[in-house]
file run_16.txt (compact mmCIF, C-alpha atoms and all ligand atoms)
# COMPACT_ATOMS: atom_id res chain seq x y z
CA MET X 185 77.71 -14.52 49.80
CA LYS X 186 77.51 -18.31 49.54
CA GLN X 187 77.11 -20.11 46.21
CA THR X 188 73.46 -20.91 45.57
CA ASP X 189 71.53 -22.45 42.67
CA TYR X 190 69.17 -19.47 42.44
CA ASP X 191 68.85 -16.00 43.94
CA VAL X 192 65.11 -16.46 44.37
CA VAL X 193 62.82 -19.48 44.47
CA ILE X 194 59.10 -18.73 44.19
CA ILE X 195 56.62 -21.38 45.27
CA GLY X 196 53.26 -21.15 43.50
CA GLY X 197 52.33 -20.08 39.98
CA GLY X 198 49.20 -18.00 40.54
CA PRO X 199 48.98 -14.21 40.01
CA ALA X 200 51.14 -13.47 43.10
CA GLY X 201 53.87 -15.95 42.21
CA MET X 202 53.97 -15.01 38.54
CA THR X 203 54.12 -11.29 39.32
CA ALA X 204 56.95 -11.89 41.81
CA GLY X 205 58.66 -13.90 39.06
CA LEU X 206 58.23 -11.16 36.49
CA TYR X 207 59.60 -8.45 38.80
CA ALA X 208 62.48 -10.58 40.13
CA SER X 209 63.55 -11.68 36.63
CA ARG X 210 63.30 -8.11 35.38
CA ALA X 211 65.56 -7.11 38.31
CA GLU X 212 68.04 -9.63 36.86
CA LEU X 213 67.81 -12.00 39.80
CA LYS X 214 68.26 -15.66 38.90
CA THR X 215 64.75 -16.87 39.66
CA LEU X 216 62.96 -20.22 39.62
CA LEU X 217 59.20 -20.58 40.03
CA VAL X 218 57.99 -23.98 41.24
CA GLU X 219 54.35 -24.85 40.55
CA LYS X 220 52.73 -28.05 41.79
CA MET X 221 50.07 -28.43 39.08
CA ILE X 222 49.34 -25.93 36.32
CA MET X 223 50.34 -22.27 36.15
CA GLY X 224 47.56 -19.80 36.92
CA GLY X 225 46.31 -20.95 40.33
CA GLN X 226 42.69 -20.46 41.36
CA VAL X 227 42.07 -18.06 38.45
CA MET X 228 42.30 -21.06 36.11
CA THR X 229 39.01 -22.24 37.61
CA THR X 230 37.32 -18.84 37.17
CA THR X 231 35.05 -18.23 34.23
CA ARG X 232 34.93 -14.51 33.63
CA VAL X 233 37.22 -12.08 35.46
CA GLU X 234 35.38 -8.74 35.49
CA ASN X 235 37.47 -6.78 37.99
CA TRP X 236 40.99 -6.95 36.55
CA PRO X 237 41.57 -3.43 35.22
CA GLY X 238 42.27 -2.96 31.55
CA TYR X 239 39.74 -5.49 30.28
CA PRO X 240 36.35 -3.79 29.93
CA GLY X 241 33.77 -6.55 29.44
CA GLY X 242 36.02 -8.98 31.32
CA ILE X 243 38.41 -11.72 30.29
CA ASP X 244 38.28 -15.49 30.86
CA GLY X 245 40.46 -16.55 33.83
CA PRO X 246 42.60 -19.09 31.89
CA GLU X 247 43.15 -16.60 29.04
CA LEU X 248 44.39 -13.97 31.51
CA MET X 249 46.71 -16.44 33.21
CA VAL X 250 48.24 -17.50 29.87
CA LYS X 251 49.01 -13.83 29.25
CA PHE X 252 50.60 -13.56 32.73
CA GLN X 253 52.78 -16.59 31.97
CA GLU X 254 53.87 -15.30 28.56
CA HIS X 255 54.78 -11.99 30.18
CA CYS X 256 56.96 -13.69 32.87
CA VAL X 257 58.74 -15.85 30.33
CA GLU X 258 59.49 -12.72 28.26
CA PHE X 259 61.72 -11.56 31.14
CA GLY X 260 63.43 -14.93 31.45
CA LEU X 261 61.62 -16.47 34.41
CA GLU X 262 62.45 -20.16 34.73
CA THR X 263 59.54 -22.37 35.76
CA THR X 264 59.29 -26.00 36.80
CA THR X 265 56.60 -28.39 37.98
CA GLY X 266 57.15 -30.01 41.36
CA ASP X 267 55.93 -30.46 44.89
CA VAL X 268 57.82 -28.47 47.50
CA GLU X 269 58.19 -30.78 50.47
CA LYS X 270 60.26 -28.63 52.77
CA ILE X 271 61.96 -25.27 53.24
CA GLU X 272 64.89 -24.99 55.62
CA ASP X 273 66.34 -21.74 56.90
CA LEU X 274 70.15 -22.06 56.94
CA GLY X 275 70.62 -18.34 57.66
CA ASP X 276 71.72 -16.46 54.54
CA THR X 277 70.95 -19.54 52.44
CA LYS X 278 67.58 -21.28 52.19
CA ARG X 279 67.23 -24.94 51.27
CA VAL X 280 64.12 -25.88 49.29
CA VAL X 281 63.36 -29.57 48.75
CA VAL X 282 61.32 -30.18 45.57
CA ASP X 283 60.31 -33.81 44.94
CA GLY X 284 63.31 -34.96 46.97
CA LYS X 285 65.77 -32.70 45.12
CA GLU X 286 67.61 -29.92 46.97
CA ILE X 287 67.70 -26.34 45.67
CA LEU X 288 69.78 -23.69 47.45
CA CYS X 289 68.76 -20.04 47.19
CA SER X 290 68.99 -16.72 49.03
CA VAL X 291 65.29 -15.85 49.06
CA VAL X 292 62.07 -17.85 49.07
CA ILE X 293 58.75 -16.26 48.11
CA ILE X 294 55.76 -18.34 49.14
CA ALA X 295 52.72 -17.75 46.94
CA THR X 296 50.88 -21.03 47.35
CA GLY X 297 47.37 -19.58 47.52
CA VAL X 298 44.35 -21.45 48.76
CA VAL X 299 42.31 -24.58 48.07
CA PRO X 300 38.51 -24.98 48.25
CA LYS X 301 37.08 -26.19 51.58
CA LYS X 302 35.06 -29.39 51.73
CA LEU X 303 31.69 -29.71 53.44
CA GLU X 304 33.04 -32.84 55.20
CA LEU X 305 29.75 -34.72 54.72
CA PRO X 306 29.61 -38.52 54.72
CA GLY X 307 30.01 -39.72 51.11
CA GLU X 308 31.25 -36.33 49.81
CA ARG X 309 34.77 -37.47 48.97
CA GLU X 310 33.57 -40.73 47.40
CA LEU X 311 31.17 -38.80 45.14
CA VAL X 312 33.85 -36.46 43.73
CA GLY X 313 33.76 -37.05 39.97
CA ARG X 314 30.28 -38.65 40.29
CA GLY X 315 28.25 -35.55 41.11
CA VAL X 316 30.31 -33.61 43.67
CA SER X 317 32.67 -30.93 42.41
CA TYR X 318 34.63 -27.90 43.66
CA CYS X 319 35.09 -26.29 40.23
CA ALA X 320 32.25 -25.24 37.93
CA THR X 321 34.49 -24.36 34.98
CA CYS X 322 36.15 -27.78 35.18
CA ASP X 323 33.04 -29.94 35.55
CA GLY X 324 29.97 -27.82 34.71
CA ALA X 325 29.57 -29.15 31.17
CA PHE X 326 29.01 -32.69 32.51
CA PHE X 327 25.68 -31.58 33.98
CA ARG X 328 23.51 -30.68 31.00
CA ASN X 329 19.73 -30.43 31.47
CA VAL X 330 19.80 -31.76 35.03
CA PRO X 331 19.22 -29.93 38.33
CA ILE X 332 22.42 -28.58 39.88
CA ALA X 333 23.12 -27.24 43.39
CA VAL X 334 25.69 -24.67 44.42
CA ILE X 335 26.54 -24.50 48.10
CA GLY X 336 27.68 -21.17 49.59
CA GLY X 337 26.83 -17.48 49.42
CA GLY X 338 30.17 -15.85 48.57
CA ASP X 339 31.64 -14.54 45.31
CA THR X 340 32.75 -18.00 44.19
CA ALA X 341 29.32 -19.56 44.78
CA ALA X 342 27.58 -16.66 42.98
CA GLU X 343 29.92 -16.82 39.98
CA GLU X 344 29.54 -20.61 39.80
CA ALA X 345 25.73 -20.40 39.91
CA LEU X 346 25.70 -17.81 37.12
CA PHE X 347 28.03 -20.00 35.04
CA LEU X 348 26.23 -23.29 35.73
CA LYS X 349 22.77 -22.03 34.75
CA ARG X 350 23.79 -22.37 31.10
CA PHE X 351 24.09 -26.15 31.55
CA GLY X 352 21.60 -27.19 34.23
CA SER X 353 17.82 -27.42 33.94
CA LYS X 354 17.90 -25.21 37.04
CA VAL X 355 20.38 -24.16 39.72
CA ILE X 356 19.53 -24.21 43.39
CA MET X 357 21.81 -22.08 45.54
CA VAL X 358 21.98 -23.26 49.14
CA HIS X 359 23.08 -20.63 51.62
CA ARG X 360 23.16 -20.89 55.39
CA ARG X 361 21.97 -17.30 55.98
CA ASP X 362 19.24 -15.08 54.49
CA GLN X 363 21.73 -12.69 52.90
CA MET X 364 24.56 -13.39 50.51
CA ARG X 365 28.17 -12.46 51.20
CA ALA X 366 28.89 -12.04 47.46
CA THR X 367 29.54 -8.62 45.85
CA LYS X 368 26.32 -6.65 45.30
CA ILE X 369 26.47 -6.83 41.50
CA LEU X 370 26.55 -10.64 41.66
CA GLN X 371 23.71 -10.72 44.20
CA THR X 372 21.55 -8.60 41.90
CA ARG X 373 22.21 -10.90 38.96
CA ILE X 374 21.45 -14.03 41.01
CA LEU X 375 18.21 -12.69 42.45
CA ALA X 376 17.00 -11.52 39.02
CA ASP X 377 17.69 -14.87 37.37
CA GLU X 378 14.69 -17.12 36.83
CA LYS X 379 16.86 -20.22 36.47
CA ILE X 380 18.45 -19.76 39.90
CA GLU X 381 16.44 -20.68 42.97
CA MET X 382 17.59 -19.72 46.47
CA ALA X 383 17.40 -22.05 49.46
CA TRP X 384 18.00 -19.52 52.23
CA ASP X 385 18.95 -20.36 55.82
CA SER X 386 19.77 -23.86 54.69
CA VAL X 387 22.64 -26.33 54.81
CA VAL X 388 23.17 -29.75 53.25
CA ASP X 389 22.35 -32.30 55.92
CA SER X 390 23.21 -35.39 53.88
CA LEU X 391 23.80 -36.58 50.34
CA VAL X 392 21.63 -39.05 48.44
CA SER X 393 23.23 -41.33 45.87
CA ASP X 394 22.88 -44.58 44.00
CA ASN X 395 25.43 -46.63 42.06
CA THR X 396 25.46 -44.01 39.26
CA GLY X 397 26.45 -41.18 41.60
CA LEU X 398 24.74 -38.24 43.31
CA THR X 399 20.96 -38.14 42.92
CA GLY X 400 19.96 -35.65 45.58
CA MET X 401 20.60 -33.96 48.88
CA VAL X 402 18.71 -33.45 52.09
CA LEU X 403 18.56 -29.79 53.10
CA ARG X 404 18.07 -28.61 56.64
CA ASN X 405 16.49 -25.25 57.30
CA LEU X 406 18.48 -23.75 60.17
CA LYS X 407 15.57 -21.58 61.34
CA THR X 408 12.86 -24.27 61.38
CA ASN X 409 15.03 -27.41 61.52
CA GLU X 410 12.81 -28.78 58.72
CA LEU X 411 14.40 -31.39 56.44
CA ARG X 412 13.55 -31.69 52.75
CA GLU X 413 14.99 -33.83 49.97
CA VAL X 414 15.91 -32.10 46.72
CA GLU X 415 16.74 -33.92 43.51
CA VAL X 416 20.11 -32.83 42.04
CA ALA X 417 22.64 -34.56 39.81
CA GLY X 418 25.49 -32.15 40.51
CA MET X 419 26.58 -30.36 43.68
CA PHE X 420 29.21 -27.62 43.45
CA VAL X 421 30.72 -26.76 46.81
CA ALA X 422 31.91 -23.15 47.21
CA VAL X 423 32.04 -22.64 50.97
CA GLY X 424 35.34 -20.81 51.16
CA VAL X 425 39.00 -21.67 51.01
CA ASP X 426 41.88 -22.92 53.15
CA PRO X 427 45.47 -21.69 52.75
CA THR X 428 48.10 -24.05 51.33
CA THR X 429 50.57 -23.63 54.17
CA GLU X 430 50.81 -27.07 55.77
CA PHE X 431 54.37 -27.53 54.47
CA VAL X 432 55.61 -24.42 56.35
CA LYS X 433 53.64 -24.82 59.57
CA ASP X 434 56.77 -25.75 61.56
CA LEU X 435 58.86 -23.00 59.98
CA LEU X 436 56.72 -19.86 59.76
CA GLU X 437 54.30 -18.12 62.09
CA LEU X 438 50.72 -18.79 60.95
CA ASP X 439 47.53 -17.15 62.19
CA GLU X 440 44.77 -19.17 63.88
CA THR X 441 43.23 -20.07 60.49
CA GLY X 442 46.52 -21.24 58.97
CA TYR X 443 47.41 -18.15 56.89
CA ILE X 444 51.05 -16.99 56.96
CA LYS X 445 51.42 -14.01 59.28
CA SER X 446 52.85 -11.12 57.30
CA GLY X 447 52.11 -7.46 56.74
CA GLU X 448 51.77 -5.48 53.52
CA ASP X 449 55.57 -5.72 53.19
CA THR X 450 55.14 -9.53 52.72
CA CYS X 451 57.83 -10.18 55.38
CA THR X 452 57.44 -13.31 57.50
CA ASN X 453 59.14 -14.06 60.82
CA ILE X 454 62.22 -15.28 58.89
CA PRO X 455 64.44 -12.80 57.02
CA GLY X 456 64.66 -13.81 53.35
CA ILE X 457 61.31 -15.62 53.32
CA TYR X 458 58.31 -13.65 52.04
CA ALA X 459 54.62 -14.52 51.65
CA ALA X 460 52.54 -13.11 48.80
CA GLY X 461 48.89 -13.36 47.79
CA ASP X 462 46.05 -15.39 49.25
CA CYS X 463 48.25 -17.64 51.44
CA ARG X 464 49.04 -14.77 53.81
CA THR X 465 46.73 -12.94 56.20
CA THR X 466 44.98 -10.39 53.98
CA ILE X 467 41.79 -8.36 54.08
CA LEU X 468 41.06 -8.92 50.39
CA LYS X 469 41.66 -11.88 48.09
CA GLN X 470 41.72 -10.56 44.56
CA ILE X 471 43.98 -10.88 41.53
CA SER X 472 44.85 -7.20 41.98
CA THR X 473 45.94 -7.62 45.61
CA ALA X 474 47.90 -10.80 44.79
CA VAL X 475 49.67 -8.95 41.97
CA GLY X 476 50.54 -6.09 44.35
CA ASP X 477 51.95 -8.58 46.86
CA GLY X 478 54.04 -10.29 44.18
CA ALA X 479 55.64 -6.99 43.20
CA VAL X 480 56.36 -6.07 46.84
CA ALA X 481 57.82 -9.52 47.60
CA ALA X 482 60.19 -9.24 44.62
CA LEU X 483 61.32 -5.81 45.83
CA LYS X 484 61.96 -7.22 49.31
CA ALA X 485 63.88 -10.09 47.71
CA GLU X 486 66.08 -7.65 45.78
CA GLN X 487 66.77 -5.59 48.91
CA HIS X 488 67.58 -8.71 50.94
CA ILE X 489 70.00 -10.03 48.29
CA ASP X 490 71.67 -6.59 48.04
CA SER X 491 72.25 -6.63 51.80
CA LEU X 492 73.76 -10.16 51.59
CA ARG X 493 76.08 -9.02 48.77
CA GLN X 494 77.21 -6.00 50.80
CA LYS X 495 78.02 -8.29 53.76
CA SER X 496 80.34 -10.50 51.72
P1 LIG X 501 33.96 -16.83 51.11
O1 LIG X 501 33.91 -15.41 50.67
O2 LIG X 501 34.62 -17.18 52.38
O3 LIG X 501 32.45 -17.35 51.13
C1 LIG X 501 32.16 -18.63 51.58
C2 LIG X 501 30.65 -18.80 51.63
O4 LIG X 501 30.35 -20.12 52.06
C3 LIG X 501 29.98 -17.85 52.63
O5 LIG X 501 28.76 -17.39 52.10
C4 LIG X 501 29.77 -18.73 53.87
O6 LIG X 501 28.62 -18.38 54.57
C5 LIG X 501 29.56 -20.09 53.25
N1 LIG X 501 30.04 -21.17 54.11
C6 LIG X 501 31.22 -21.27 54.76
N2 LIG X 501 31.31 -22.44 55.42
C7 LIG X 501 30.17 -23.09 55.19
C8 LIG X 501 29.66 -24.35 55.58
N3 LIG X 501 30.37 -25.18 56.35
N4 LIG X 501 28.42 -24.70 55.17
C9 LIG X 501 27.71 -23.89 54.38
N5 LIG X 501 28.12 -22.68 53.96
C10 LIG X 501 29.33 -22.29 54.36
O7 LIG X 501 34.66 -17.79 50.01
P2 LIG X 501 34.74 -17.65 48.40
O8 LIG X 501 33.44 -17.26 47.83
O9 LIG X 501 35.38 -18.90 47.94
O10 LIG X 501 35.75 -16.46 48.19
C11 LIG X 501 37.08 -16.52 48.74
C12 LIG X 501 37.75 -15.16 48.54
O11 LIG X 501 37.99 -14.96 47.14
C13 LIG X 501 36.85 -14.00 48.98
O12 LIG X 501 37.68 -13.01 49.52
C14 LIG X 501 36.20 -13.53 47.70
O13 LIG X 501 35.81 -12.17 47.72
C15 LIG X 501 37.33 -13.78 46.69
N6 LIG X 501 36.77 -13.99 45.34
C16 LIG X 501 36.63 -12.91 44.56
C17 LIG X 501 36.08 -13.04 43.30
C18 LIG X 501 35.93 -11.81 42.45
O14 LIG X 501 36.32 -10.74 42.87
N7 LIG X 501 35.39 -11.90 41.26
C19 LIG X 501 35.66 -14.28 42.84
C20 LIG X 501 35.81 -15.39 43.68
C21 LIG X 501 36.35 -15.22 44.95
P3 LIG X 501 28.54 -17.01 55.43
O15 LIG X 501 28.34 -15.92 54.41
O16 LIG X 501 27.38 -17.23 56.32
O17 LIG X 501 29.83 -16.91 56.18
call {"tool": "encode", "arguments": {"input": "run_16.txt", "output": "structure tokens", "more": "lines below"}}
Ligand code: NAP
result
Amino acid sequence: MKQTDYDVVIIGGGPAGMTAGLYASRAELKTLLVEKMIMGGQVMTTTRVENWPGYPGGIDGPELMVKFQEHCVEFGLETTTGDVEKIEDLGDTKRVVVDGKEILCSVVIIATGVVPKKLELPGERELVGRGVSYCATCDGAFFRNVPIAVIGGGDTAAEEALFLKRFGSKVIMVHRRDQMRATKILQTRILADEKIEMAWDSVVDSLVSDNTGLTGMVLRNLKTNELREVEVAGMFVAVGVDPTTEFVKDLLELDETGYIKSGEDTCTNIPGIYAAGDCRTTILKQISTAVGDGAVAALKAEQHIDSLRQKS
């Protein structure tokens, strides 16, 4: 077996990456986790996590992720902040380039998760930080006693609306159909809430702003084609997610929506490279499924390294 810097390099510090790190470190593999921003991934932008077992009543997303991190570090996981630019498959050795610096390893686990989609409306990008946001927990408190809109009908949109109602004078939830995609319990809470108003069958046609920032939006009813202007000071976009896989698009097989093709065994088309959590094709995107993937990926890493050691 060739000399490498690490046995395993994990890319991404969300629940999948941290779990892979915990299991790999506990298996006494020399492991480095590289995170681009802050540890915790998408869960850091979640208010209350109600479906992670063991916490009746729920736990705040950032609090849970701090516990995950403490747990990994307990088993000796090394972490670093950096942007992974490239992964190269050199056969038994993989070359990972982080901020221009080369790291050699035997296994790479990709756990880069997803990022929120944009609406791609004219002015949307320019109004980020001046009314447009993709994260209610990050920016919600800036919108006290003003009307707020949440765009989307999934779990994220529902959770954001329920969180934002504590700040806004009212929350208008804009959904393109007449039925929400969100989990039933969230739907029930939304529909029972007097501070949340639904704009069904509607999309945002355009944004209205002045030199202070967002002041409103024009909604289009998809059934009647009717346009109406609604006054809002904040618009939280929660229309789904895109996988963070651009940096491996020339290396790994991706599905038509950009997710890394891999089965429940987390194996990709390249031996020694595994994909865990939301960045791979999955039927469910949850902390629990990401955690399961992380554990499986670490097991596959251990088996792969054992087979390399037997070869040499
Ligand atoms: P999602 O489930 O894909 O929902 C996206 C929503 O946005 C859908 O209602 C969709 O409408 C709408 N939408 C998509 N493109 C749109 C566009 N261009 N214009 C207007 N509306 C648009 O995304 P998500 O809510 O971010 O959730 C992502 C994943 O994370 C899901 O698997 C979700 O279950 C999971 N998640 C789980 C929890 C939890 O368990 N507590 C919390 C957050 C997220 P249609 O319904 O018509 O397609």
call {"tool": "residues_around", "arguments": {"input": "run_16.txt", "residues": "X:Ala481", "least_positions_apart": "5", "cutoff": "9 Å", "atoms": "only C-alpha atoms", "output": "list of chain:residue names"}}
result
X:Ala200, X:Ala204, X:Ala208, X:Ile293, X:Asp449, X:Thr450, X:Cys451, X:Tyr458, X:Ala459, X:Ala460, X:Gly476, X:Glu486
call {"tool": "axis_aligned_box", "arguments": {"input": "run_16.txt", "around": "stretch 452-467 of chain X", "padding_each_side": "3 Å", "output": "AutoDock Vina command-line options"}}
result
--center_x 53.2 --center_y -13.0 --center_z 54.3 --size_x 28.9 --size_y 15.3 --size_z 19.0
call {"tool": "closest_residue", "arguments": {"input": "run_16.txt", "among": "X:Asn409, X:Ser472, X:Thr203, X:Ser353", "to": "ligand LIG 501 (chain X)", "atoms": "all atoms listed in the file"}}
result
X:Ser472
call {"tool": "residues_around", "arguments": {"input": "run_16.txt", "residues": "stretch 212-228 of chain X", "least_positions_apart": "5", "cutoff": "8 Å", "atoms": "all atoms listed in the file", "output": "ChimeraX atom specification"}}
result
/X:190-199,201-202,205,245-246,249-250,253,261-268,297-299,486
call {"tool": "residues_near_ligand", "arguments": {"input": "run_16.txt", "ligand": "ligand LIG 501 (chain X)", "cutoff": "8 Å", "atoms": "all atoms listed in the file", "output": "ChimeraX atom specification"}}
result
/X:230,233-235,300-303,335-343,358-361,363-367,386-388,422-425,467-471
call {"tool": "write_last_selection", "arguments": {"input": "run_16.txt", "atoms": "C-alpha atoms", "output": "JSON list (two decimals), in the frame of the given file"}}
result
[["chain", "number", "residue", "atom", "x", "y", "z"],
["X", 230, "THR", "CA", 37.32, -18.84, 37.17],
["X", 233, "VAL", "CA", 37.22, -12.08, 35.46],
["X", 234, "GLU", "CA", 35.38, -8.74, 35.49],
["X", 235, "ASN", "CA", 37.47, -6.78, 37.99],
["X", 300, "PRO", "CA", 38.51, -24.98, 48.25],
["X", 301, "LYS", "CA", 37.08, -26.19, 51.58],
["X", 302, "LYS", "CA", 35.06, -29.39, 51.73],
["X", 303, "LEU", "CA", 31.69, -29.71, 53.44],
["X", 335, "ILE", "CA", 26.54, -24.50, 48.10],
["X", 336, "GLY", "CA", 27.68, -21.17, 49.59],
["X", 337, "GLY", "CA", 26.83, -17.48, 49.42],
["X", 338, "GLY", "CA", 30.17, -15.85, 48.57],
["X", 339, "ASP", "CA", 31.64, -14.54, 45.31],
["X", 340, "THR", "CA", 32.75, -18.00, 44.19],
["X", 341, "ALA", "CA", 29.32, -19.56, 44.78],
["X", 342, "ALA", "CA", 27.58, -16.66, 42.98],
["X", 343, "GLU", "CA", 29.92, -16.82, 39.98],
["X", 358, "VAL", "CA", 21.98, -23.26, 49.14],
["X", 359, "HIS", "CA", 23.08, -20.63, 51.62],
["X", 360, "ARG", "CA", 23.16, -20.89, 55.39],
["X", 361, "ARG", "CA", 21.97, -17.30, 55.98],
["X", 363, "GLN", "CA", 21.73, -12.69, 52.90],
["X", 364, "MET", "CA", 24.56, -13.39, 50.51],
["X", 365, "ARG", "CA", 28.17, -12.46, 51.20],
["X", 366, "ALA", "CA", 28.89, -12.04, 47.46],
["X", 367, "THR", "CA", 29.54, -8.62, 45.85],
["X", 386, "SER", "CA", 19.77, -23.86, 54.69],
["X", 387, "VAL", "CA", 22.64, -26.33, 54.81],
["X", 388, "VAL", "CA", 23.17, -29.75, 53.25],
["X", 422, "ALA", "CA", 31.91, -23.15, 47.21],
["X", 423, "VAL", "CA", 32.04, -22.64, 50.97],
["X", 424, "GLY", "CA", 35.34, -20.81, 51.16],
["X", 425, "VAL", "CA", 39.00, -21.67, 51.01],
["X", 467, "ILE", "CA", 41.79, -8.36, 54.08],
["X", 468, "LEU", "CA", 41.06, -8.92, 50.39],
["X", 469, "LYS", "CA", 41.66, -11.88, 48.09],
["X", 470, "GLN", "CA", 41.72, -10.56, 44.56],
["X", 471, "ILE", "CA", 43.98, -10.88, 41.53]]
call {"tool": "closest_residue", "arguments": {"input": "run_16.txt", "among": "X:Ala345, X:Glu269, X:Val257, X:Met401", "to": "X:Arg373", "atoms": "only C-alpha atoms"}}
result
X:Ala345
call {"tool": "atom_distance", "arguments": {"input": "run_16.txt", "atom1": "atom CA of X:Glu415", "atom2": "atom CA of X:Pro331"}}
result
7.0 Å
call {"tool": "closest_residue", "arguments": {"input": "run_16.txt", "among": "X:Leu346, X:Ile489, X:Val392, X:Ile332", "to": "X:Val421", "atoms": "all atoms listed in the file"}}
result
X:Ile332
call {"tool": "closest_residue", "arguments": {"input": "run_16.txt", "among": "X:Ala479, X:Ala474, X:Ile243, X:Leu435", "to": "X:Lys278", "atoms": "all atoms listed in the file"}}
result
X:Leu435
call {"tool": "residues_near_point", "arguments": {"input": "run_16.txt", "point": "(17.4, -30.3, 39.5)", "cutoff": "12 Å", "atoms": "only C-alpha atoms", "output": "PDB file with C-alpha atoms, in the frame of the given file"}}
result
ATOM      1  CA  PHE X 327      25.680 -31.580  33.980  1.00  0.00           C
ATOM      2  CA  ARG X 328      23.510 -30.680  31.000  1.00  0.00           C
ATOM      3  CA  ASN X 329      19.730 -30.430  31.470  1.00  0.00           C
ATOM      4  CA  VAL X 330      19.800 -31.760  35.030  1.00  0.00           C
ATOM      5  CA  PRO X 331      19.220 -29.930  38.330  1.00  0.00           C
ATOM      6  CA  ILE X 332      22.420 -28.580  39.880  1.00  0.00           C
ATOM      7  CA  ALA X 333      23.120 -27.240  43.390  1.00  0.00           C
ATOM      8  CA  VAL X 334      25.690 -24.670  44.420  1.00  0.00           C
ATOM      9  CA  LEU X 348      26.230 -23.290  35.730  1.00  0.00           C
ATOM     10  CA  LYS X 349      22.770 -22.030  34.750  1.00  0.00           C
ATOM     11  CA  PHE X 351      24.090 -26.150  31.550  1.00  0.00           C
ATOM     12  CA  GLY X 352      21.600 -27.190  34.230  1.00  0.00           C
ATOM     13  CA  SER X 353      17.820 -27.420  33.940  1.00  0.00           C
ATOM     14  CA  LYS X 354      17.900 -25.210  37.040  1.00  0.00           C
ATOM     15  CA  VAL X 355      20.380 -24.160  39.720  1.00  0.00           C
ATOM     16  CA  ILE X 356      19.530 -24.210  43.390  1.00  0.00           C
ATOM     17  CA  MET X 357      21.810 -22.080  45.540  1.00  0.00           C
ATOM     18  CA  LYS X 379      16.860 -20.220  36.470  1.00  0.00           C
ATOM     19  CA  ILE X 380      18.450 -19.760  39.900  1.00  0.00           C
ATOM     20  CA  GLU X 381      16.440 -20.680  42.970  1.00  0.00           C
ATOM     21  CA  LEU X 398      24.740 -38.240  43.310  1.00  0.00           C
ATOM     22  CA  THR X 399      20.960 -38.140  42.920  1.00  0.00           C
ATOM     23  CA  GLY X 400      19.960 -35.650  45.580  1.00  0.00           C
ATOM     24  CA  MET X 401      20.600 -33.960  48.880  1.00  0.00           C
ATOM     25  CA  GLU X 413      14.990 -33.830  49.970  1.00  0.00           C
ATOM     26  CA  VAL X 414      15.910 -32.100  46.720  1.00  0.00           C
ATOM     27  CA  GLU X 415      16.740 -33.920  43.510  1.00  0.00           C
ATOM     28  CA  VAL X 416      20.110 -32.830  42.040  1.00  0.00           C
ATOM     29  CA  ALA X 417      22.640 -34.560  39.810  1.00  0.00           C
ATOM     30  CA  GLY X 418      25.490 -32.150  40.510  1.00  0.00           C
ATOM     31  CA  MET X 419      26.580 -30.360  43.680  1.00  0.00           C
TER      32      MET X 419
END
call {"tool": "residues_around", "arguments": {"input": "run_16.txt", "residues": "X:Asp439", "least_positions_apart": "4", "cutoff": "12 Å", "atoms": "all atoms listed in the file", "output": "ChimeraX atom specification"}}
result
/X:427,429,433,443-446,452,463-466
call {"tool": "write_last_selection", "arguments": {"input": "run_16.txt", "atoms": "C-alpha atoms", "output": "PDB file, keeping the file's coordinate frame"}}
result
ATOM      1  CA  PRO X 427      45.470 -21.690  52.750  1.00  0.00           C
ATOM      2  CA  THR X 429      50.570 -23.630  54.170  1.00  0.00           C
ATOM      3  CA  LYS X 433      53.640 -24.820  59.570  1.00  0.00           C
ATOM      4  CA  TYR X 443      47.410 -18.150  56.890  1.00  0.00           C
ATOM      5  CA  ILE X 444      51.050 -16.990  56.960  1.00  0.00           C
ATOM      6  CA  LYS X 445      51.420 -14.010  59.280  1.00  0.00           C
ATOM      7  CA  SER X 446      52.850 -11.120  57.300  1.00  0.00           C
ATOM      8  CA  THR X 452      57.440 -13.310  57.500  1.00  0.00           C
ATOM      9  CA  CYS X 463      48.250 -17.640  51.440  1.00  0.00           C
ATOM     10  CA  ARG X 464      49.040 -14.770  53.810  1.00  0.00           C
ATOM     11  CA  THR X 465      46.730 -12.940  56.200  1.00  0.00           C
ATOM     12  CA  THR X 466      44.980 -10.390  53.980  1.00  0.00           C
TER      13      THR X 466
END
